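Novice: Below you will find the structure I want to go over with you.
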Amino acid sequence: MEYCIINCTTQTKEDAVLIAKELTKKHLIACATIVPSVTSVYFWDNKLNEDSEALMIIKTKTELYEKVEEEIKKLHKYETPEIICTPIISGSSEYLNWIEKQTK
């Protein structure tokens with residue numbers, strides 16, 4: 001089985017918690033760790049922006065990525081949310097087994 005981490009920023013911690021709870025209830029993810037305040041610097045509409053955001057670090061099976069992305073897009077307030085998937089190359093067998101058991 002292959003596993004991945006999905007990074008996704010939201011406007012607020014509350015938005016991140018809402019998305020994380022929905023994904024977890026549907027067993028699409030095992031866990032989302034939420035970092036309540038990060039600073040993002042980026043261009044949008046030809047304007048340089050600096051915003052405070054929340055960061056979700058989501059753990060799931062790689063085969064569920066497309067469903068997770070679809071659900072995030074349904075729930076997210078941004079026009080173009082950050083949704084980036086990174087494979088987990090290695091991890092403790094106990095933790096990876098836990099991801100396996102929590103997701104469908």
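Naming scheme: A, B, ... for chains in displayed order of the structure tokens; residues 1 onward per chain; ligands 1 onward as shown.
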Using only C-alpha atoms, find each residue of stretch 69-102 of chain A with at least one atom at most 10 Å away from an atom of stretch 33-57 of chain A; report its shortest atom-to-atom pair and that distance in Å (one decimal), sort the rows by chain and rising residue number, and return the result as JSON lines.

Specialist:
```
{"residue": "A:Glu82", "atom": "CA", "partner": "A:Leu55", "partner_atom": "CA", "distance": 9.7}
{"residue": "A:Ile83", "atom": "CA", "partner": "A:Met56", "partner_atom": "CA", "distance": 9.7}
{"residue": "A:Ile84", "atom": "CA", "partner": "A:Ile57", "partner_atom": "CA", "distance": 9.9}
{"residue": "A:Cys85", "atom": "CA", "partner": "A:Ile57", "partner_atom": "CA", "distance": 10.0}
```

Novice: List the neighbours of A:Lys73 out to 10 Å using only C-alpha atoms; skip same-chain residues closer than 6 positions along the sequence, and give me the result as a ChimeraX atom specification.

Specialist: /A:19,67,79-83

Novice: Please provide as a PyMOL selection string all residues within 12 Å of A:Ala20, with the sequence filter that same-chain residues fewer than 4 positions apart are discarded (counting only C-alpha atoms).

Specialist: chain A and resi 6-10+13-16+24-34+54-60+68+71-72+75-76

Novice: I'd like to know which residues of stretch 4-102 of chain A are helix (DSSP H, G or I) (by DSSP, run on the backbone); could you write them as an MDAnalysis selection string?

Specialist: chainID A and resid 13:25 62:75 93:102

Novice: For A:Leu96, find every residue with an atom within 12 Å (counting only C-alpha atoms), except residues of its own chain fewer than 2 positions away, and show them as a list of chain:residue names.

Specialist: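 Answer for this query is A:Met1, A:Glu2, A:Tyr3, A:Cys4, A:Ile5, A:Ala30, A:Cys31, A:Lys59, A:Thr60, A:Lys61, A:Thr62, A:Ile88, A:Ile89, A:Ser90, A:Gly91, A:Ser92, A:Ser93, A:Glu94, A:Trp98, A:Ile99, A:Glu100, A:Lys101, A:Gln102, A:Thr103.
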
Novice: Which of chain A counts as strand (DSSP E or B) under DSSP, as a PyMOL selection string please?

Specialist: chain A and resi 3-10+31-44+47-61+84-87
